[in-house]
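J.: File follows, work-v3.pdb with PDB, C-alpha atoms:
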```pdb
ATOM      1  CA  MET A   1       4.641  34.607  11.412
ATOM      2  CA  THR A   2       7.722  36.595  12.344
ATOM      3  CA  THR A   3       8.706  39.933  10.829
ATOM      4  CA  ALA A   4      11.625  38.215   9.106
ATOM      5  CA  GLU A   5       9.254  35.686   7.537
ATOM      6  CA  ARG A   6       6.910  38.442   6.378
ATOM      7  CA  ASN A   7       9.853  40.247   4.803
ATOM      8  CA  TYR A   8      10.899  37.014   3.102
ATOM      9  CA  TYR A   9       7.530  36.650   1.362
ATOM     10  CA  HIS A  10       7.558  40.291   0.311
ATOM     11  CA  GLN A  11      11.019  39.829  -1.176
ATOM     12  CA  ARG A  12       9.987  36.533  -2.791
ATOM     13  CA  ALA A  13       6.998  37.983  -4.662
ATOM     14  CA  PRO A  14       8.636  38.224  -8.140
ATOM     15  CA  GLU A  15       9.614  34.545  -8.032
ATOM     16  CA  TYR A  16       6.782  33.139  -5.889
ATOM     17  CA  ASP A  17       4.995  31.487  -8.816
ATOM     18  CA  ASP A  18       8.089  29.378  -9.534
ATOM     19  CA  PHE A  19       6.814  27.168  -6.695
ATOM     20  CA  TYR A  20       3.778  26.295  -8.805
ATOM     21  CA  SER A  21       5.282  26.411 -12.305
ATOM     22  CA  GLY A  22       8.508  24.575 -11.491
ATOM     23  CA  GLY A  23      10.657  27.419 -12.804
ATOM     24  CA  GLY A  24      13.617  29.247 -11.302
ATOM     25  CA  LEU A  25      15.167  27.525  -8.299
ATOM     26  CA  TYR A  26      12.434  24.852  -8.444
ATOM     27  CA  ALA A  27      13.459  23.683 -11.927
ATOM     28  CA  ALA A  28      16.028  21.226 -10.572
ATOM     29  CA  ARG A  29      13.743  19.748  -7.904
ATOM     30  CA  PRO A  30      12.292  16.326  -8.669
ATOM     31  CA  ARG A  31       8.528  16.542  -8.040
ATOM     32  CA  PRO A  32       6.948  13.535  -9.757
ATOM     33  CA  GLY A  33       3.290  14.066 -10.577
ATOM     34  CA  TRP A  34       3.367  17.718  -9.467
ATOM     35  CA  LYS A  35       2.006  19.244 -12.667
ATOM     36  CA  GLU A  36      -0.872  16.780 -12.937
ATOM     37  CA  GLU A  37      -1.826  17.125  -9.274
ATOM     38  CA  LEU A  38      -1.672  20.918  -9.452
ATOM     39  CA  GLU A  39      -4.077  20.808 -12.401
ATOM     40  CA  THR A  40      -6.423  18.592 -10.368
ATOM     41  CA  LEU A  41      -6.209  20.933  -7.387
ATOM     42  CA  GLN A  42      -7.014  23.954  -9.538
ATOM     43  CA  PHE A  43     -10.050  22.149 -10.946
ATOM     44  CA  VAL A  44     -11.211  21.281  -7.419
ATOM     45  CA  VAL A  45     -10.793  24.896  -6.296
ATOM     46  CA  SER A  46     -12.739  26.212  -9.281
ATOM     47  CA  SER A  47     -15.554  23.709  -8.663
ATOM     48  CA  ILE A  48     -16.454  24.541  -5.061
ATOM     49  CA  ARG A  49     -19.930  25.932  -4.575
ATOM     50  CA  VAL A  50     -19.785  28.808  -2.126
ATOM     51  CA  GLY A  51     -20.867  32.435  -1.963
ATOM     52  CA  PRO A  52     -18.507  35.415  -1.586
ATOM     53  CA  ILE A  53     -14.951  34.294  -0.737
ATOM     54  CA  LEU A  54     -12.121  35.980   1.162
ATOM     55  CA  ASP A  55      -8.758  34.534   0.144
ATOM     56  CA  VAL A  56      -6.314  35.100   3.001
ATOM     57  CA  ALA A  57      -2.610  35.420   2.218
ATOM     58  CA  CYS A  58      -3.573  35.432  -1.452
ATOM     59  CA  GLY A  59       0.016  36.102  -2.502
ATOM     60  CA  THR A  60       0.282  36.596  -6.256
ATOM     61  CA  GLY A  61      -3.258  35.321  -6.780
ATOM     62  CA  PHE A  62      -2.109  32.102  -8.442
ATOM     63  CA  LEU A  63      -4.827  30.005  -6.762
ATOM     64  CA  THR A  64      -7.094  32.964  -5.957
ATOM     65  CA  ARG A  65      -7.943  33.425  -9.640
ATOM     66  CA  ARG A  66      -9.355  29.876  -9.682
ATOM     67  CA  LEU A  67     -11.870  30.574  -6.913
ATOM     68  CA  PRO A  68     -15.415  30.938  -8.266
ATOM     69  CA  GLY A  69     -17.746  33.891  -7.854
ATOM     70  CA  SER A  70     -17.084  37.057  -5.886
ATOM     71  CA  VAL A  71     -13.552  37.040  -4.472
ATOM     72  CA  VAL A  72     -11.571  39.391  -2.239
ATOM     73  CA  GLY A  73      -7.862  38.739  -1.743
ATOM     74  CA  ILE A  74      -5.929  39.956   1.275
ATOM     75  CA  ASP A  75      -2.180  39.825   1.864
ATOM     76  CA  GLN A  76       0.308  41.686   4.034
ATOM     77  CA  SER A  77       2.738  42.168   1.140
ATOM     78  CA  SER A  78       2.230  45.049  -1.291
ATOM     79  CA  ALA A  79       4.616  43.318  -3.710
ATOM     80  CA  MET A  80       2.440  40.190  -3.752
ATOM     81  CA  LEU A  81      -0.732  42.253  -4.173
ATOM     82  CA  GLN A  82       0.738  44.177  -7.105
ATOM     83  CA  ILE A  83       0.886  40.878  -9.011
ATOM     84  CA  ALA A  84      -2.460  39.623  -7.664
ATOM     85  CA  ARG A  85      -4.251  42.733  -8.964
ATOM     86  CA  THR A  86      -3.333  41.794 -12.525
ATOM     87  CA  ARG A  87      -4.906  38.359 -12.049
ATOM     88  CA  LEU A  88      -8.120  39.490 -10.390
ATOM     89  CA  PRO A  89      -9.521  42.177 -12.682
ATOM     90  CA  ASP A  90     -13.047  41.472 -11.424
ATOM     91  CA  GLY A  91     -12.014  40.948  -7.812
ATOM     92  CA  LYS A  92     -10.679  43.158  -5.063
ATOM     93  CA  VAL A  93      -7.369  43.025  -3.221
ATOM     94  CA  VAL A  94      -6.685  44.483   0.210
ATOM     95  CA  GLN A  95      -3.449  44.889   2.137
ATOM     96  CA  GLY A  96      -3.937  43.694   5.695
ATOM     97  CA  ASP A  97      -3.201  41.256   8.498
ATOM     98  CA  ALA A  98      -4.744  37.787   8.275
ATOM     99  CA  LEU A  99      -4.836  37.539  12.065
ATOM    100  CA  THR A 100      -6.820  40.781  12.447
ATOM    101  CA  LEU A 101      -9.106  40.816   9.428
ATOM    102  CA  PRO A 102     -10.625  44.199   8.518
ATOM    103  CA  PHE A 103     -14.103  42.784   7.849
ATOM    104  CA  GLY A 104     -17.311  42.470   9.824
ATOM    105  CA  PRO A 105     -18.969  39.299  11.132
ATOM    106  CA  THR A 106     -20.035  36.818   8.420
ATOM    107  CA  ALA A 107     -19.034  39.231   5.675
ATOM    108  CA  PHE A 108     -18.196  36.182   3.522
ATOM    109  CA  ASP A 109     -19.627  32.751   2.933
ATOM    110  CA  CYS A 110     -16.148  31.212   2.805
ATOM    111  CA  ILE A 111     -12.607  32.112   3.770
ATOM    112  CA  SER A 112      -9.823  30.318   1.912
ATOM    113  CA  ALA A 113      -6.132  30.039   2.705
ATOM    114  CA  GLY A 114      -3.669  28.422   0.318
ATOM    115  CA  HIS A 115      -0.297  27.500   1.802
ATOM    116  CA  PHE A 116      -0.737  29.895   4.708
ATOM    117  CA  TYR A 117      -2.113  27.824   7.590
ATOM    118  CA  GLY A 118       0.967  25.580   7.486
ATOM    119  CA  HIS A 119       3.213  28.556   8.263
ATOM    120  CA  LEU A 120       1.377  29.500  11.453
ATOM    121  CA  ARG A 121       2.623  28.574  14.893
ATOM    122  CA  GLN A 122       0.220  27.318  17.556
ATOM    123  CA  GLY A 123      -0.977  30.664  18.916
ATOM    124  CA  GLU A 124      -1.269  32.104  15.429
ATOM    125  CA  ARG A 125      -3.320  29.117  14.246
ATOM    126  CA  THR A 126      -5.786  29.677  17.068
ATOM    127  CA  ARG A 127      -6.068  33.389  16.290
ATOM    128  CA  PHE A 128      -6.502  32.734  12.587
ATOM    129  CA  LEU A 129      -9.277  30.172  13.038
ATOM    130  CA  VAL A 130     -11.125  32.479  15.437
ATOM    131  CA  GLU A 131     -10.910  35.301  12.889
ATOM    132  CA  ALA A 132     -11.828  32.992   9.996
ATOM    133  CA  ARG A 133     -14.972  31.814  11.768
ATOM    134  CA  ARG A 134     -15.857  35.361  12.713
ATOM    135  CA  VAL A 135     -15.889  36.658   9.135
ATOM    136  CA  ALA A 136     -17.055  33.545   7.243
ATOM    137  CA  ARG A 137     -19.381  30.581   7.564
ATOM    138  CA  ARG A 138     -16.942  28.097   6.043
ATOM    139  CA  VAL A 139     -13.175  27.667   5.897
ATOM    140  CA  LEU A 140     -11.196  26.238   2.966
ATOM    141  CA  ILE A 141      -7.619  25.238   3.779
ATOM    142  CA  ILE A 142      -5.224  24.197   1.018
ATOM    143  CA  ASP A 143      -1.768  23.203   2.144
ATOM    144  CA  ALA A 144       1.168  20.857   1.718
ATOM    145  CA  ALA A 145       0.621  17.129   2.201
ATOM    146  CA  LEU A 146       2.771  15.184   4.657
ATOM    147  CA  ARG A 147       5.042  12.654   2.948
ATOM    148  CA  ASP A 148       7.261   9.907   4.324
ATOM    149  CA  ASP A 149      10.423  11.885   3.520
ATOM    150  CA  LEU A 150       9.368  14.913   5.582
ATOM    151  CA  ALA A 151       9.223  15.910   9.217
ATOM    152  CA  PRO A 152       5.684  17.164   9.923
ATOM    153  CA  GLU A 153       7.020  20.377  11.481
ATOM    154  CA  GLN A 154      10.287  22.128  10.710
ATOM    155  CA  ASP A 155      12.202  25.362  10.352
ATOM    156  CA  GLN A 156      13.235  25.398   6.708
ATOM    157  CA  ALA A 157      16.230  27.124   5.163
ATOM    158  CA  ARG A 158      15.059  28.996   2.059
ATOM    159  CA  VAL A 159      17.237  30.652  -0.583
ATOM    160  CA  LEU A 160      15.999  33.230  -3.087
ATOM    161  CA  SER A 161      17.392  33.764  -6.572
ATOM    162  CA  ASP A 162      19.458  36.722  -5.335
ATOM    163  CA  GLY A 163      21.282  34.344  -2.986
ATOM    164  CA  SER A 164      19.706  35.700   0.197
ATOM    165  CA  ARG A 165      19.019  33.088   2.884
ATOM    166  CA  HIS A 166      15.947  32.894   5.099
ATOM    167  CA  THR A 167      14.369  30.621   7.682
ATOM    168  CA  VAL A 168      10.659  29.792   7.454
ATOM    169  CA  TYR A 169       8.469  27.748   9.805
ATOM    170  CA  LYS A 170       6.532  25.049   7.928
ATOM    171  CA  ARG A 171       4.106  22.222   8.699
ATOM    172  CA  TYR A 172       2.828  19.381   6.507
ATOM    173  CA  PHE A 173      -0.542  17.666   6.942
ATOM    174  CA  THR A 174      -2.378  14.420   6.530
ATOM    175  CA  PRO A 175      -6.067  14.885   5.705
ATOM    176  CA  SER A 176      -7.105  13.419   9.072
ATOM    177  CA  GLN A 177      -4.787  15.765  10.978
ATOM    178  CA  LEU A 178      -6.111  18.824   9.177
ATOM    179  CA  LEU A 179      -9.710  17.664   9.655
ATOM    180  CA  SER A 180      -9.049  17.291  13.373
ATOM    181  CA  GLU A 181      -7.544  20.781  13.695
ATOM    182  CA  LEU A 182     -10.456  22.317  11.808
ATOM    183  CA  GLY A 183     -13.052  20.433  13.831
ATOM    184  CA  GLY A 184     -14.276  18.341  10.905
ATOM    185  CA  GLY A 185     -15.181  19.057   7.319
ATOM    186  CA  THR A 186     -14.948  17.557   3.846
ATOM    187  CA  VAL A 187     -11.751  16.372   2.164
ATOM    188  CA  LEU A 188     -11.763  17.968  -1.286
ATOM    189  CA  HIS A 189      -8.310  16.758  -2.270
ATOM    190  CA  ALA A 190      -5.736  14.408  -0.759
ATOM    191  CA  GLY A 191      -2.649  13.758  -2.851
ATOM    192  CA  ARG A 192       1.096  13.402  -2.669
ATOM    193  CA  TRP A 193       1.675  17.166  -2.780
ATOM    194  CA  PHE A 194      -1.510  18.906  -1.627
ATOM    195  CA  VAL A 195      -4.377  18.505   0.790
ATOM    196  CA  ALA A 196      -7.581  20.583   0.708
ATOM    197  CA  ILE A 197     -10.300  20.631   3.379
ATOM    198  CA  LEU A 198     -13.580  22.566   3.395
ATOM    199  CA  ALA A 199     -14.769  22.953   6.995
TER     200      ALA A 199
END
```
Just give me the structure as structure tokens.

T.:
Amino acid sequence: MTTAERNYYHQRAPEYDDFYSGGGLYAARPRPGWKEELETLQFVVSSIRVGPILDVACGTGFLTRRLPGSVVGIDQSSAMLQIARTRLPDGKVVQGDALTLPFGPTAFDCISAGHFYGHLRQGERTRFLVEARRVARRVLIIDAALRDDLAPEQDQARVLSDGSRHTVYKRYFTPSQLLSELGGGTVLHAGRWFVAILA
């Protein structure tokens, strides 16, 4: 992830949850079945049976708060973490780099990443998976599902509510593609909007 992309997410923090809620700039976007599928995804996330979890790129903690048990959230953005802290009163949040995690070997049973893996370029994906498997026994990836109207890999133009324009690298996944990249696992969710794999 480039410095410009990191700055984009820091700047986006106050309106990040609009992506999930359908508010703000997302209000005019047609997303049939989004609300129902998001509810299903949140139920799936809350139902996994794992030990201590590290949620990488936790952002505002929107999905992090659904993770069961002992949870630590990490994000590079202090603005994102400021919001996440309010949602994780019993958890811990840490500012840090997802590609150089400040934790020891097998410190967690599971590492989760919601809508983060799909923003990583090839070398970053390799680094992330090495780090993920160093600090945790299992890896949970939640990301955007590939649809017929999308290119699987693209540089996207993004606009924030203040009118600022940004470019963000983004990938979309089929369950089989994500399973292959993770070296196998279990499909927890496969829908129009989201895919979730526990490897």

J.: What lies within 9 Å of region 163-168 of chain A using all atoms listed in the file, ignoring chain neighbours under 2 positions off, as a PyMOL selection string?

T.: chain A and resi 1-2+4-5+8+119+154-161+170

J.: Would you mind listing what lies within 10 Å of His10 (chain A) as a ChimeraX atom specification, with all atoms listed in the file counted and same-chain residues fewer than 6 positions away left out?

T.: /A:4,16,59,75-81

J.: Kindly indicate which residue among A:Leu41, A:Cys58, A:Ala196, A:Ile53 lies nearest to Ser70 (chain A), using all atoms listed in the file for the distances.

T.: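 When distances to Ser70 (chain A) are compared using all atoms listed in the file, the smallest one comes from A:Ile53.
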
J.: Here's the selection I'm unsure about, the PyMOL selection byres ((chain A and resi 182) around 10); applied to the file above, which residues does it give, as a PyMOL selection string?

T.: chain A and resi 129+139-141+176-181+183-185+197-199

J.: CA of Gly51 (chain A) and CA of Val72 (chain A) are how many Å apart?

T.: 11.6 Å

J.: Which residues would end up in the selection if the PyMOL selection byres ((chain A and resi 111) around 6) were applied here, given that I need the answer as a PDB file with C-alpha atoms, keeping the file's coordinate frame?

T.:
```pdb
ATOM      1  CA  ILE A  53     -14.951  34.294  -0.737  1.00  0.00           C
ATOM      2  CA  LEU A  54     -12.121  35.980   1.162  1.00  0.00           C
ATOM      3  CA  ASP A  55      -8.758  34.534   0.144  1.00  0.00           C
ATOM      4  CA  CYS A 110     -16.148  31.212   2.805  1.00  0.00           C
ATOM      5  CA  SER A 112      -9.823  30.318   1.912  1.00  0.00           C
ATOM      6  CA  ALA A 136     -17.055  33.545   7.243  1.00  0.00           C
ATOM      7  CA  VAL A 139     -13.175  27.667   5.897  1.00  0.00           C
TER       8      VAL A 139
END
```

J.: With all atoms listed in the file as the basis for distance, which of A:Ala190, A:Pro105, A:Thr60, A:Val44 is at the shortest distance from Glu15 (chain A)?

T.: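 Between A:Ala190, A:Pro105, A:Thr60, A:Val44, the residue approaching Glu15 (chain A) most closely is A:Thr60.
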
J.: Mind checking which residues fall within 9 Å of Phe62 (chain A), counting all atoms listed in the file, ignoring those fewer than 2 positions away in the same chain, and posting them as number ranges by chain?

T.: A: 17, 20, 58-60, 64-66, 84, 87

J.: Report, in Å with one decimal, the straight-line distance from CA of Tyr9 (chain A) to CA of Phe43 (chain A).

T.: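 So the answer is 25.9 Å.
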
J.: For the atom pair CA of Val50 (chain A) and CA of Glu124 (chain A), what is the interatomic distance in Å to one decimal place?

T.: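 Separating CA of Val50 (chain A) from CA of Glu124 (chain A) is a distance of 25.7 Å.
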
J.: Is it possible to add N, CA and C atoms to region 71-83 of chain A and hand it back as an mmCIF file, keeping the file's coordinate frame?

T.:
```cif
data_model
loop_
_atom_site.group_PDB
_atom_site.id
_atom_site.type_symbol
_atom_site.label_atom_id
_atom_site.label_comp_id
_atom_site.auth_asym_id
_atom_site.auth_seq_id
_atom_site.Cartn_x
_atom_site.Cartn_y
_atom_site.Cartn_z
ATOM 1 N N VAL A 71 -14.762 37.343 -5.246
ATOM 2 C CA VAL A 71 -13.552 37.040 -4.472
ATOM 3 C C VAL A 71 -12.856 38.325 -4.038
ATOM 4 N N VAL A 72 -12.435 38.342 -2.767
ATOM 5 C CA VAL A 72 -11.571 39.391 -2.239
ATOM 6 C C VAL A 72 -10.282 38.719 -1.777
ATOM 7 N N GLY A 73 -9.147 39.253 -2.198
ATOM 8 C CA GLY A 73 -7.862 38.739 -1.743
ATOM 9 C C GLY A 73 -7.233 39.687 -0.743
ATOM 10 N N ILE A 74 -6.630 39.129 0.291
ATOM 11 C CA ILE A 74 -5.929 39.956 1.275
ATOM 12 C C ILE A 74 -4.544 39.373 1.507
ATOM 13 N N ASP A 75 -3.557 40.247 1.609
ATOM 14 C CA ASP A 75 -2.180 39.825 1.864
ATOM 15 C C ASP A 75 -1.465 40.977 2.556
ATOM 16 N N GLN A 76 -0.446 40.642 3.338
ATOM 17 C CA GLN A 76 0.308 41.686 4.034
ATOM 18 C C GLN A 76 1.357 42.328 3.141
ATOM 19 N N SER A 77 1.656 41.688 2.005
ATOM 20 C CA SER A 77 2.738 42.168 1.140
ATOM 21 C C SER A 77 2.210 42.971 -0.042
ATOM 22 N N SER A 78 2.625 44.222 -0.152
ATOM 23 C CA SER A 78 2.230 45.049 -1.291
ATOM 24 C C SER A 78 2.819 44.510 -2.593
ATOM 25 N N ALA A 79 3.992 43.889 -2.512
ATOM 26 C CA ALA A 79 4.616 43.318 -3.710
ATOM 27 C C ALA A 79 3.806 42.141 -4.238
ATOM 28 N N MET A 80 3.307 41.300 -3.343
ATOM 29 C CA MET A 80 2.440 40.190 -3.752
ATOM 30 C C MET A 80 1.149 40.733 -4.360
ATOM 31 N N LEU A 81 0.552 41.719 -3.718
ATOM 32 C CA LEU A 81 -0.732 42.253 -4.173
ATOM 33 C C LEU A 81 -0.617 42.947 -5.525
ATOM 34 N N GLN A 82 0.538 43.522 -5.808
ATOM 35 C CA GLN A 82 0.738 44.177 -7.105
ATOM 36 C C GLN A 82 0.556 43.161 -8.232
ATOM 37 N N ILE A 83 1.045 41.942 -8.016
ATOM 38 C CA ILE A 83 0.886 40.878 -9.011
ATOM 39 C C ILE A 83 -0.555 40.350 -8.987
#
```
